[in-house]
Amino acid sequence: MNTLKPAQISKSYAIGIDIGGTSLKCGVVNEQGEILFSFIVSLKEAKTEAEIITLMVNAITQCTDQLKEPIVGIGIGFPGLIEDDVIIGGGVNLPGFEQLPLGKILNELTGHNIVIDNDANLMGLAELIYGAAKDSTDAVFLTIGTGIGGAIMINKGLYSGFKNRGGELGHTVIQQNGILCNCGGRGCLETYASVTALINYYKAINPAAEENIDGKTIIEKYLSGEDHAVKTMQHHFDYLAAGIVNFVNIFSPQKVIIGGGISEAGPFYTDELTKRVKTFAIPVAFAHTKIVAADLGNKAGLLGACANAFQKFKKTEYAL
């Protein structure tokens, strides 16, 4: 073990790993949020949990060999439910990773400090520390895609409730006895305001819609004034704004950060949401809130994993 002096902390480094369904992204980041280097490792040929863990260890070794400097520790973002660095249940189609003490296993295999959290949580943390909300202490992050993921940040830290079991912003109920959700509930925000819901609604009101139409195409049609697309986007904005109103009234965040590819459509997207939220939120709760697009794109998972490691370990011993 190697302990860094206080003067060296500003030059400290962390390794981040962002796990997906078919690959992992690994890299080294300094505390200013600069990615020194990163690389992607395919998981497609890995058939077992043990093989995936070996690929993670090899990626960590590659990082430490290339860096040749002390690190604070290793942050890992993993889809699904994580409690005390244990994967309770994975949210991706990988073999195993249920009730798995992954943090302990990787610590024993590498000798490094390990911290693991949900990938959407870490994307939000990255935006708070390095991205669209870096001037804020309190924020809500939503990633709009196939479903809706999210994160709550209070006083510059993640909040996910007791034993990390909360923060499921996409599963707040906005329609009693509404559309059946994959979670088993009904009327969840993601069943009305995800990109999947957007496409389904467009197809439902436009029988002539192409079978493989995507969100980007619907937005292009919306911007060109196509009637079905305009109606679909208005429906999307109304329901997503309803969810955001709830988050504003509960948390009064300084920033509501919208991530996912759809947030890159242009300023009109957050403008439409802001107009609706301002109308329906409690004025005093919304007084200091801005709705903004995410800044970090596909770097957010890696940066958030490292930010989590810095927050947890930078005042403790640093491992070589």
# chains A, B, ... in the order shown; residues from 1 in each chain; ligands from 1

$ residues_around --residues "Val115 (chain A)" --least-positions-apart "4" --cutoff "9 Å" --atoms "only C-alpha atoms" --output "compact mmCIF listing (two decimals) with C-alpha atoms, in the first residue's frame"
# COMPACT_ATOMS: atom_id res chain seq x y z
CA GLY A 73 -9.38 2.91 -5.95
CA ILE A 74 -11.70 1.44 -8.53
CA GLY A 75 -15.29 2.47 -9.19
CA ILE A 76 -17.65 0.18 -11.06
CA GLY A 77 -21.03 0.91 -12.61
CA ASP A 84 -22.79 -2.71 -0.18
CA ASP A 85 -20.84 -3.68 -3.32
CA GLY A 103 -16.57 -5.85 -4.57
CA ALA A 305 -17.64 5.36 -11.49
CA ASN A 308 -17.72 7.57 -6.73
CA ALA A 309 -14.26 6.15 -5.97
CA LYS A 312 -15.36 7.20 -0.99
CA PHE A 313 -11.61 6.65 -0.93

$ residues_around --residues "region 257-272 of chain A" --least-positions-apart "6" --cutoff "8 Å" --atoms "only C-alpha atoms" --output "list in words"
Gly124, Glu127, Ala132, Ala133, Ala139, Val140, Phe141, Leu142, Thr143, Ile144, Gly145, Val195, Gly215, Lys216, Ile219, Phe237, Ile291, Val292, Ala293, Ala294 and Gly297 of chain A

$ residues_around --residues "Ile174 (chain A)" --least-positions-apart "2" --cutoff "10 Å" --atoms "only C-alpha atoms" --output "list in words"
His171, Thr172, Gln176, Asn177, Gly178, Arg186, Gly187, Cys188, Leu189, Glu190, Thr191, Tyr192, Tyr239, Leu240, Ala242, Gly243 and Asn246 of chain A

$ write_last_selection --atoms "N, CA and C atoms" --output "mmCIF file, in the first residue's frame"
data_model
loop_
_atom_site.group_PDB
_atom_site.id
_atom_site.type_symbol
_atom_site.label_atom_id
_atom_site.label_comp_id
_atom_site.auth_asym_id
_atom_site.auth_seq_id
_atom_site.Cartn_x
_atom_site.Cartn_y
_atom_site.Cartn_z
ATOM 1 N N HIS A 171 -40.061 4.600 -12.281
ATOM 2 C CA HIS A 171 -41.190 3.779 -11.837
ATOM 3 C C HIS A 171 -42.078 4.512 -10.837
ATOM 4 N N THR A 172 -41.991 5.840 -10.847
ATOM 5 C CA THR A 172 -42.998 6.612 -10.136
ATOM 6 C C THR A 172 -44.305 6.510 -10.926
ATOM 7 N N GLN A 176 -52.856 6.118 -12.448
ATOM 8 C CA GLN A 176 -53.421 5.026 -11.660
ATOM 9 C C GLN A 176 -54.025 3.970 -12.586
ATOM 10 N N ASN A 177 -53.670 2.691 -12.337
ATOM 11 C CA ASN A 177 -54.164 1.577 -13.158
ATOM 12 C C ASN A 177 -53.870 1.791 -14.639
ATOM 13 N N GLY A 178 -52.704 2.341 -14.901
ATOM 14 C CA GLY A 178 -52.316 2.642 -16.277
ATOM 15 C C GLY A 178 -51.690 1.458 -16.993
ATOM 16 N N ARG A 186 -48.214 -0.720 -12.714
ATOM 17 C CA ARG A 186 -48.975 -0.086 -13.792
ATOM 18 C C ARG A 186 -48.857 1.435 -13.690
ATOM 19 N N GLY A 187 -48.815 2.070 -14.846
ATOM 20 C CA GLY A 187 -48.822 3.524 -14.889
ATOM 21 C C GLY A 187 -47.499 4.181 -14.572
ATOM 22 N N CYS A 188 -46.392 3.442 -14.667
ATOM 23 C CA CYS A 188 -45.074 4.014 -14.375
ATOM 24 C C CYS A 188 -44.683 5.068 -15.413
ATOM 25 N N LEU A 189 -43.880 6.004 -14.983
ATOM 26 C CA LEU A 189 -43.421 7.081 -15.862
ATOM 27 C C LEU A 189 -42.811 6.535 -17.149
ATOM 28 N N GLU A 190 -42.013 5.469 -17.052
ATOM 29 C CA GLU A 190 -41.341 4.995 -18.261
ATOM 30 C C GLU A 190 -42.306 4.369 -19.266
ATOM 31 N N THR A 191 -43.481 3.928 -18.819
ATOM 32 C CA THR A 191 -44.441 3.376 -19.776
ATOM 33 C C THR A 191 -45.143 4.469 -20.583
ATOM 34 N N TYR A 192 -44.977 5.732 -20.164
ATOM 35 C CA TYR A 192 -45.598 6.864 -20.868
ATOM 36 C C TYR A 192 -44.587 7.814 -21.494
ATOM 37 N N TYR A 239 -46.312 13.999 -20.397
ATOM 38 C CA TYR A 239 -46.123 12.964 -19.384
ATOM 39 C C TYR A 239 -44.756 13.048 -18.710
ATOM 40 N N LEU A 240 -43.710 13.336 -19.484
ATOM 41 C CA LEU A 240 -42.396 13.478 -18.864
ATOM 42 C C LEU A 240 -42.384 14.667 -17.916
ATOM 43 N N ALA A 242 -44.909 15.782 -16.270
ATOM 44 C CA ALA A 242 -45.670 15.402 -15.068
ATOM 45 C C ALA A 242 -44.774 14.691 -14.065
ATOM 46 N N GLY A 243 -43.922 13.801 -14.563
ATOM 47 C CA GLY A 243 -42.977 13.134 -13.674
ATOM 48 C C GLY A 243 -42.004 14.116 -13.055
ATOM 49 N N ASN A 246 -43.310 16.129 -10.141
ATOM 50 C CA ASN A 246 -43.250 15.410 -8.865
ATOM 51 C C ASN A 246 -41.871 15.503 -8.234
#

$ closest_residue --among "A:Val245, A:Leu100, A:Ile179, A:Ile82" --to "Phe162 (chain A)" --atoms "only C-alpha atoms"
A:Ile82

$ closest_atom_pairs --of "region 37-146 of chain A" --to "region 10-31 of chain A" --cutoff "8 Å" --atoms "only C-alpha atoms" --output "tab-separated table"
residue	atom	partner	partner_atom	distance
A:Phe37	CA	A:Gly27	CA	5.5
A:Ser38	CA	A:Gly27	CA	3.8
A:Phe39	CA	A:Cys26	CA	5.6
A:Ile40	CA	A:Lys25	CA	4.5
A:Val41	CA	A:Leu24	CA	5.3
A:Ser42	CA	A:Ser23	CA	4.3
A:Leu43	CA	A:Ser23	CA	4.7
A:Lys44	CA	A:Thr22	CA	5.5
A:Ala59	CA	A:Cys26	CA	6.7
A:Ile60	CA	A:Ile15	CA	7.3
A:Cys63	CA	A:Gly27	CA	6.7
A:Leu67	CA	A:Val28	CA	7.8
A:Glu69	CA	A:Tyr13	CA	7.9
A:Pro70	CA	A:Tyr13	CA	7.1
A:Ile71	CA	A:Tyr13	CA	4.9
A:Val72	CA	A:Ala14	CA	5.3
A:Gly73	CA	A:Ala14	CA	5.4
A:Ile74	CA	A:Ile15	CA	4.7
A:Gly75	CA	A:Gly16	CA	4.9
A:Ile76	CA	A:Ile17	CA	4.7
A:Gly77	CA	A:Asp18	CA	4.8
A:Phe78	CA	A:Ile19	CA	5.3
A:Pro79	CA	A:Ile19	CA	7.3
A:Val92	CA	A:Gly21	CA	5.2
A:Asn93	CA	A:Gly21	CA	5.8
A:Leu94	CA	A:Gly21	CA	6.4
A:Asp119	CA	A:Asp18	CA	7.2

$ select_by_dssp --residues "region 137-314 of chain A" --states "strand (DSSP E)" --output "MDAnalysis selection string"
chainID A and resid 139:144 148:154 157:159 255:259 290:293

$ write_last_selection --atoms "N, CA and C atoms" --output "mmCIF file, in the first residue's frame"
data_model
loop_
_atom_site.group_PDB
_atom_site.id
_atom_site.type_symbol
_atom_site.label_atom_id
_atom_site.label_comp_id
_atom_site.auth_asym_id
_atom_site.auth_seq_id
_atom_site.Cartn_x
_atom_site.Cartn_y
_atom_site.Cartn_z
ATOM 1 N N ALA A 139 -29.442 17.736 -7.352
ATOM 2 C CA ALA A 139 -29.899 17.546 -8.728
ATOM 3 C C ALA A 139 -30.652 16.233 -8.861
ATOM 4 N N VAL A 140 -31.470 16.167 -9.904
ATOM 5 C CA VAL A 140 -32.137 14.932 -10.316
ATOM 6 C C VAL A 140 -31.703 14.651 -11.742
ATOM 7 N N PHE A 141 -31.348 13.400 -12.006
ATOM 8 C CA PHE A 141 -30.902 12.989 -13.335
ATOM 9 C C PHE A 141 -31.872 11.963 -13.897
ATOM 10 N N LEU A 142 -32.262 12.141 -15.145
ATOM 11 C CA LEU A 142 -33.119 11.179 -15.838
ATOM 12 C C LEU A 142 -32.465 10.807 -17.157
ATOM 13 N N THR A 143 -32.362 9.525 -17.434
ATOM 14 C CA THR A 143 -31.878 9.089 -18.740
ATOM 15 C C THR A 143 -33.049 8.462 -19.482
ATOM 16 N N ILE A 144 -33.372 9.029 -20.629
ATOM 17 C CA ILE A 144 -34.562 8.646 -21.386
ATOM 18 C C ILE A 144 -34.133 7.758 -22.538
ATOM 19 N N ILE A 148 -36.683 4.386 -18.481
ATOM 20 C CA ILE A 148 -36.222 5.633 -17.864
ATOM 21 C C ILE A 148 -35.458 5.275 -16.596
ATOM 22 N N GLY A 149 -34.188 5.601 -16.584
ATOM 23 C CA GLY A 149 -33.372 5.448 -15.388
ATOM 24 C C GLY A 149 -33.197 6.801 -14.734
ATOM 25 N N GLY A 150 -32.666 6.799 -13.543
ATOM 26 C CA GLY A 150 -32.506 8.085 -12.887
ATOM 27 C C GLY A 150 -31.622 8.016 -11.665
ATOM 28 N N ALA A 151 -31.331 9.195 -11.147
ATOM 29 C CA ALA A 151 -30.511 9.310 -9.945
ATOM 30 C C ALA A 151 -30.912 10.568 -9.195
ATOM 31 N N ILE A 152 -30.824 10.476 -7.869
ATOM 32 C CA ILE A 152 -31.083 11.613 -6.991
ATOM 33 C C ILE A 152 -29.767 11.979 -6.320
ATOM 34 N N MET A 153 -29.386 13.241 -6.403
ATOM 35 C CA MET A 153 -28.169 13.711 -5.745
ATOM 36 C C MET A 153 -28.529 14.804 -4.749
ATOM 37 N N ILE A 154 -28.116 14.619 -3.507
ATOM 38 C CA ILE A 154 -28.374 15.584 -2.447
ATOM 39 C C ILE A 154 -27.046 15.941 -1.800
ATOM 40 N N GLY A 157 -23.899 14.255 -3.168
ATOM 41 C CA GLY A 157 -23.768 12.805 -3.058
ATOM 42 C C GLY A 157 -25.022 12.099 -3.542
ATOM 43 N N LEU A 158 -24.876 10.822 -3.886
ATOM 44 C CA LEU A 158 -26.015 10.023 -4.331
ATOM 45 C C LEU A 158 -26.938 9.687 -3.164
ATOM 46 N N TYR A 159 -28.234 9.688 -3.437
ATOM 47 C CA TYR A 159 -29.208 9.227 -2.454
ATOM 48 C C TYR A 159 -30.092 8.168 -3.106
ATOM 49 N N LYS A 255 -30.851 21.510 -10.466
ATOM 50 C CA LYS A 255 -30.851 21.078 -11.866
ATOM 51 C C LYS A 255 -31.648 19.782 -11.994
ATOM 52 N N VAL A 256 -32.423 19.703 -13.070
ATOM 53 C CA VAL A 256 -32.975 18.437 -13.548
ATOM 54 C C VAL A 256 -32.248 18.164 -14.853
ATOM 55 N N ILE A 257 -31.456 17.097 -14.875
ATOM 56 C CA ILE A 257 -30.592 16.795 -16.009
ATOM 57 C C ILE A 257 -31.239 15.693 -16.839
ATOM 58 N N ILE A 258 -31.391 15.941 -18.127
ATOM 59 C CA ILE A 258 -32.016 14.971 -19.020
ATOM 60 C C ILE A 258 -30.938 14.346 -19.902
ATOM 61 N N GLY A 259 -30.751 13.033 -19.764
ATOM 62 C CA GLY A 259 -29.767 12.308 -20.549
ATOM 63 C C GLY A 259 -30.432 11.347 -21.517
ATOM 64 N N LYS A 290 -33.413 24.522 -12.823
ATOM 65 C CA LYS A 290 -33.269 24.609 -14.279
ATOM 66 C C LYS A 290 -33.268 23.201 -14.853
ATOM 67 N N ILE A 291 -33.959 23.020 -15.969
ATOM 68 C CA ILE A 291 -33.976 21.739 -16.672
ATOM 69 C C ILE A 291 -32.973 21.831 -17.816
ATOM 70 N N VAL A 292 -31.982 20.947 -17.809
ATOM 71 C CA VAL A 292 -30.868 21.050 -18.759
ATOM 72 C C VAL A 292 -30.571 19.688 -19.386
ATOM 73 N N ALA A 293 -29.965 19.716 -20.555
ATOM 74 C CA ALA A 293 -29.519 18.488 -21.204
ATOM 75 C C ALA A 293 -28.201 18.037 -20.583
#

$ atom_distance --atom1 "CA of Ala300 (chain A)" --atom2 "CA of Gln62 (chain A)"
21.2 Å

$ atom_distance --atom1 "CA of Ala241 (chain A)" --atom2 "CA of Thr289 (chain A)"
13.4 Å

$ decode --residues "region 202-246 of chain A" --atoms "N, CA and C atoms" --output "PDB file, in the first residue's frame"
ATOM      1  N   TYR A 202     -46.740   6.704 -31.295  1.00  0.00           N
ATOM      2  CA  TYR A 202     -46.753   7.154 -32.689  1.00  0.00           C
ATOM      3  C   TYR A 202     -47.370   6.086 -33.581  1.00  0.00           C
ATOM      4  N   LYS A 203     -46.990   4.845 -33.373  1.00  0.00           N
ATOM      5  CA  LYS A 203     -47.542   3.753 -34.179  1.00  0.00           C
ATOM      6  C   LYS A 203     -49.036   3.576 -33.930  1.00  0.00           C
ATOM      7  N   ALA A 204     -49.462   3.812 -32.699  1.00  0.00           N
ATOM      8  CA  ALA A 204     -50.871   3.629 -32.354  1.00  0.00           C
ATOM      9  C   ALA A 204     -51.767   4.654 -33.033  1.00  0.00           C
ATOM     10  N   ILE A 205     -51.265   5.880 -33.199  1.00  0.00           N
ATOM     11  CA  ILE A 205     -52.109   6.929 -33.801  1.00  0.00           C
ATOM     12  C   ILE A 205     -51.869   7.079 -35.298  1.00  0.00           C
ATOM     13  N   ASN A 206     -50.843   6.404 -35.816  1.00  0.00           N
ATOM     14  CA  ASN A 206     -50.529   6.502 -37.243  1.00  0.00           C
ATOM     15  C   ASN A 206     -50.383   5.099 -37.831  1.00  0.00           C
ATOM     16  N   PRO A 207     -51.461   4.519 -38.315  1.00  0.00           N
ATOM     17  CA  PRO A 207     -51.411   3.158 -38.861  1.00  0.00           C
ATOM     18  C   PRO A 207     -50.439   3.001 -40.033  1.00  0.00           C
ATOM     19  N   ALA A 208     -50.076   4.120 -40.670  1.00  0.00           N
ATOM     20  CA  ALA A 208     -49.164   4.056 -41.810  1.00  0.00           C
ATOM     21  C   ALA A 208     -47.692   4.160 -41.397  1.00  0.00           C
ATOM     22  N   ALA A 209     -47.424   4.212 -40.092  1.00  0.00           N
ATOM     23  CA  ALA A 209     -46.043   4.360 -39.617  1.00  0.00           C
ATOM     24  C   ALA A 209     -45.180   3.171 -40.023  1.00  0.00           C
ATOM     25  N   GLU A 210     -43.914   3.456 -40.345  1.00  0.00           N
ATOM     26  CA  GLU A 210     -42.980   2.384 -40.660  1.00  0.00           C
ATOM     27  C   GLU A 210     -42.789   1.498 -39.427  1.00  0.00           C
ATOM     28  N   GLU A 211     -42.647   0.208 -39.644  1.00  0.00           N
ATOM     29  CA  GLU A 211     -42.537  -0.744 -38.541  1.00  0.00           C
ATOM     30  C   GLU A 211     -41.288  -0.492 -37.705  1.00  0.00           C
ATOM     31  N   ASN A 212     -40.196  -0.097 -38.350  1.00  0.00           N
ATOM     32  CA  ASN A 212     -38.921   0.074 -37.650  1.00  0.00           C
ATOM     33  C   ASN A 212     -38.606   1.539 -37.342  1.00  0.00           C
ATOM     34  N   ILE A 213     -39.613   2.369 -37.261  1.00  0.00           N
ATOM     35  CA  ILE A 213     -39.379   3.782 -36.980  1.00  0.00           C
ATOM     36  C   ILE A 213     -38.722   3.946 -35.607  1.00  0.00           C
ATOM     37  N   ASP A 214     -37.866   4.943 -35.467  1.00  0.00           N
ATOM     38  CA  ASP A 214     -37.175   5.178 -34.197  1.00  0.00           C
ATOM     39  C   ASP A 214     -37.452   6.587 -33.691  1.00  0.00           C
ATOM     40  N   GLY A 215     -36.957   6.860 -32.496  1.00  0.00           N
ATOM     41  CA  GLY A 215     -37.205   8.151 -31.872  1.00  0.00           C
ATOM     42  C   GLY A 215     -36.627   9.312 -32.664  1.00  0.00           C
ATOM     43  N   LYS A 216     -35.457   9.128 -33.223  1.00  0.00           N
ATOM     44  CA  LYS A 216     -34.814  10.202 -33.989  1.00  0.00           C
ATOM     45  C   LYS A 216     -35.674  10.606 -35.179  1.00  0.00           C
ATOM     46  N   THR A 217     -36.237   9.614 -35.867  1.00  0.00           N
ATOM     47  CA  THR A 217     -37.080   9.902 -37.031  1.00  0.00           C
ATOM     48  C   THR A 217     -38.352  10.630 -36.616  1.00  0.00           C
ATOM     49  N   ILE A 218     -38.942  10.231 -35.502  1.00  0.00           N
ATOM     50  CA  ILE A 218     -40.153  10.909 -35.019  1.00  0.00           C
ATOM     51  C   ILE A 218     -39.846  12.369 -34.702  1.00  0.00           C
ATOM     52  N   ILE A 219     -38.692  12.630 -34.099  1.00  0.00           N
ATOM     53  CA  ILE A 219     -38.326  14.013 -33.796  1.00  0.00           C
ATOM     54  C   ILE A 219     -38.125  14.808 -35.088  1.00  0.00           C
ATOM     55  N   GLU A 220     -37.508  14.201 -36.085  1.00  0.00           N
ATOM     56  CA  GLU A 220     -37.344  14.883 -37.365  1.00  0.00           C
ATOM     57  C   GLU A 220     -38.699  15.229 -37.978  1.00  0.00           C
ATOM     58  N   LYS A 221     -39.639  14.304 -37.882  1.00  0.00           N
ATOM     59  CA  LYS A 221     -40.985  14.555 -38.406  1.00  0.00           C
ATOM     60  C   LYS A 221     -41.677  15.645 -37.585  1.00  0.00           C
ATOM     61  N   TYR A 222     -41.444  15.632 -36.280  1.00  0.00           N
ATOM     62  CA  TYR A 222     -42.007  16.674 -35.406  1.00  0.00           C
ATOM     63  C   TYR A 222     -41.501  18.058 -35.820  1.00  0.00           C
ATOM     64  N   LEU A 223     -40.205  18.153 -36.037  1.00  0.00           N
ATOM     65  CA  LEU A 223     -39.619  19.438 -36.403  1.00  0.00           C
ATOM     66  C   LEU A 223     -40.087  19.919 -37.778  1.00  0.00           C
ATOM     67  N   SER A 224     -40.481  18.967 -38.625  1.00  0.00           N
ATOM     68  CA  SER A 224     -40.987  19.345 -39.950  1.00  0.00           C
ATOM     69  C   SER A 224     -42.498  19.613 -39.917  1.00  0.00           C
ATOM     70  N   GLY A 225     -43.130  19.375 -38.748  1.00  0.00           N
ATOM     71  CA  GLY A 225     -44.539  19.706 -38.590  1.00  0.00           C
ATOM     72  C   GLY A 225     -45.523  18.605 -38.927  1.00  0.00           C
ATOM     73  N   GLU A 226     -45.050  17.369 -39.052  1.00  0.00           N
ATOM     74  CA  GLU A 226     -45.955  16.255 -39.362  1.00  0.00           C
ATOM     75  C   GLU A 226     -46.942  16.051 -38.203  1.00  0.00           C
ATOM     76  N   ASP A 227     -48.235  16.002 -38.527  1.00  0.00           N
ATOM     77  CA  ASP A 227     -49.286  16.037 -37.506  1.00  0.00           C
ATOM     78  C   ASP A 227     -49.150  14.930 -36.457  1.00  0.00           C
ATOM     79  N   HIS A 228     -48.958  13.689 -36.908  1.00  0.00           N
ATOM     80  CA  HIS A 228     -48.868  12.577 -35.961  1.00  0.00           C
ATOM     81  C   HIS A 228     -47.652  12.742 -35.037  1.00  0.00           C
ATOM     82  N   ALA A 229     -46.548  13.201 -35.601  1.00  0.00           N
ATOM     83  CA  ALA A 229     -45.342  13.382 -34.803  1.00  0.00           C
ATOM     84  C   ALA A 229     -45.516  14.519 -33.802  1.00  0.00           C
ATOM     85  N   VAL A 230     -46.182  15.586 -34.209  1.00  0.00           N
ATOM     86  CA  VAL A 230     -46.434  16.695 -33.288  1.00  0.00           C
ATOM     87  C   VAL A 230     -47.299  16.227 -32.118  1.00  0.00           C
ATOM     88  N   LYS A 231     -48.365  15.484 -32.418  1.00  0.00           N
ATOM     89  CA  LYS A 231     -49.233  14.968 -31.360  1.00  0.00           C
ATOM     90  C   LYS A 231     -48.469  14.024 -30.445  1.00  0.00           C
ATOM     91  N   THR A 232     -47.596  13.189 -31.029  1.00  0.00           N
ATOM     92  CA  THR A 232     -46.810  12.235 -30.236  1.00  0.00           C
ATOM     93  C   THR A 232     -45.847  12.957 -29.306  1.00  0.00           C
ATOM     94  N   MET A 233     -45.156  13.959 -29.806  1.00  0.00           N
ATOM     95  CA  MET A 233     -44.195  14.684 -28.971  1.00  0.00           C
ATOM     96  C   MET A 233     -44.898  15.487 -27.889  1.00  0.00           C
ATOM     97  N   GLN A 234     -46.061  16.052 -28.188  1.00  0.00           N
ATOM     98  CA  GLN A 234     -46.805  16.778 -27.158  1.00  0.00           C
ATOM     99  C   GLN A 234     -47.207  15.824 -26.032  1.00  0.00           C
ATOM    100  N   HIS A 235     -47.634  14.622 -26.405  1.00  0.00           N
ATOM    101  CA  HIS A 235     -47.974  13.586 -25.421  1.00  0.00           C
ATOM    102  C   HIS A 235     -46.741  13.235 -24.578  1.00  0.00           C
ATOM    103  N   HIS A 236     -45.607  13.072 -25.234  1.00  0.00           N
ATOM    104  CA  HIS A 236     -44.351  12.754 -24.552  1.00  0.00           C
ATOM    105  C   HIS A 236     -43.968  13.862 -23.572  1.00  0.00           C
ATOM    106  N   PHE A 237     -43.983  15.102 -24.038  1.00  0.00           N
ATOM    107  CA  PHE A 237     -43.617  16.227 -23.179  1.00  0.00           C
ATOM    108  C   PHE A 237     -44.562  16.326 -21.979  1.00  0.00           C
ATOM    109  N   ASP A 238     -45.858  16.135 -22.215  1.00  0.00           N
ATOM    110  CA  ASP A 238     -46.835  16.257 -21.125  1.00  0.00           C
ATOM    111  C   ASP A 238     -46.558  15.241 -20.019  1.00  0.00           C
ATOM    112  N   TYR A 239     -46.312  13.999 -20.397  1.00  0.00           N
ATOM    113  CA  TYR A 239     -46.123  12.964 -19.384  1.00  0.00           C
ATOM    114  C   TYR A 239     -44.756  13.048 -18.710  1.00  0.00           C
ATOM    115  N   LEU A 240     -43.710  13.336 -19.484  1.00  0.00           N
ATOM    116  CA  LEU A 240     -42.396  13.478 -18.864  1.00  0.00           C
ATOM    117  C   LEU A 240     -42.384  14.667 -17.916  1.00  0.00           C
ATOM    118  N   ALA A 241     -43.012  15.754 -18.315  1.00  0.00           N
ATOM    119  CA  ALA A 241     -43.094  16.928 -17.441  1.00  0.00           C
ATOM    120  C   ALA A 241     -43.863  16.611 -16.162  1.00  0.00           C
ATOM    121  N   ALA A 242     -44.909  15.782 -16.270  1.00  0.00           N
ATOM    122  CA  ALA A 242     -45.670  15.402 -15.068  1.00  0.00           C
ATOM    123  C   ALA A 242     -44.774  14.691 -14.065  1.00  0.00           C
ATOM    124  N   GLY A 243     -43.922  13.801 -14.563  1.00  0.00           N
ATOM    125  CA  GLY A 243     -42.977  13.134 -13.674  1.00  0.00           C
ATOM    126  C   GLY A 243     -42.004  14.116 -13.055  1.00  0.00           C
ATOM    127  N   ILE A 244     -41.488  15.035 -13.871  1.00  0.00           N
ATOM    128  CA  ILE A 244     -40.512  16.011 -13.372  1.00  0.00           C
ATOM    129  C   ILE A 244     -41.149  16.929 -12.337  1.00  0.00           C
ATOM    130  N   VAL A 245     -42.412  17.291 -12.529  1.00  0.00           N
ATOM    131  CA  VAL A 245     -43.109  18.114 -11.532  1.00  0.00           C
ATOM    132  C   VAL A 245     -43.067  17.436 -10.163  1.00  0.00           C
ATOM    133  N   ASN A 246     -43.310  16.129 -10.141  1.00  0.00           N
ATOM    134  CA  ASN A 246     -43.250  15.410  -8.865  1.00  0.00           C
ATOM    135  C   ASN A 246     -41.871  15.503  -8.234  1.00  0.00           C
TER     136      ASN A 246
END
